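Chemist: One structure, pasted below without further comment.
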Number of protein chains: 2
Amino acid sequence: MTKVNVYVTLRESVVDPQGIATQDALHKLGFNEVSNVRIGRLIELELSGTNAEIETRVNEMCDALLVNKVIENYSFEIGEVAGK
Amino acid sequence: MTKVNVYVTLRESVVDPQGIATQDALHKLGFNEVSNVRIGRLIELELSGTNAEIETRVNEMCDALLVNKVIENYSFEIGEVAGK
């Protein structure tokens, strides 16, 4: 099984209320130097196959379910082989 | 300004209902080869300082607000300098 990390982020042009709230809270806590806070999703999954097959399947999964491509971008990293 | 990506994941021992639901949905869509789906957060932020300062500050932010260390782990990546 190969581990894959999928990173899903809001597109630049989309307002991120969760990011704004987090940034405000950080400022209130004294972390005034922080800016451009954006919150995205990290989806970890495991699947088998060659790297090329995995790439195709992960793109299909992102299209079908994991990513709302109207407002989100994604990228992914094919990691090390997990376990046996 | 330096970009930092903070990756927040649930601890191994903590049940992840969102991950289970996502995995079930993927299986129903025909992606039967997928297992161990876990959903975490990707927090992108920008701040200034040397790498050592940034490391200290990001750890402080994770302790203070960004991460619930009872149930979550985190790691972060200090990226390229953004803009000027």
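Quick note on naming: the chains in the structure tokens go A, B, ... in the order shown, residues restart at 1 in each chain, and ligands are numbered from 1 in order of appearance.
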Could you work out which residues of chain A fall inside 10 Å of chain B? Count only C-alpha atoms, and format the result as a VMD selection string.

Modeler: chain A and resid 1 to 9 19 22 to 23 25 to 26 29 to 49 57 to 58 60 to 61 64 to 66

Chemist: If I take CA of Gln18 (chain B) and CA of Glu72 (chain B), how far is one from the other in Å, to one decimal?

Modeler: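 Value for the CA of Gln18 (chain B)-CA of Glu72 (chain B) distance: 14.5 Å.
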
Chemist: From a DSSP pass on the backbone, collect the residues of region 29-83 of chain A flagged as helix (DSSP H, G or I) and hand them back as number ranges by chain.

Modeler: A: 51-66

Chemist: Can you list every residue in region 36-73 of chain B that DSSP puts in strand (DSSP E or B), as a ChimeraX atom specification?

Modeler: /B:36-47,72-73

Chemist: Which value, in Å to one decimal, gives the distance between CA of Glu55 (chain A) and CA of Asn68 (chain A)?

Modeler: 18.3 Å
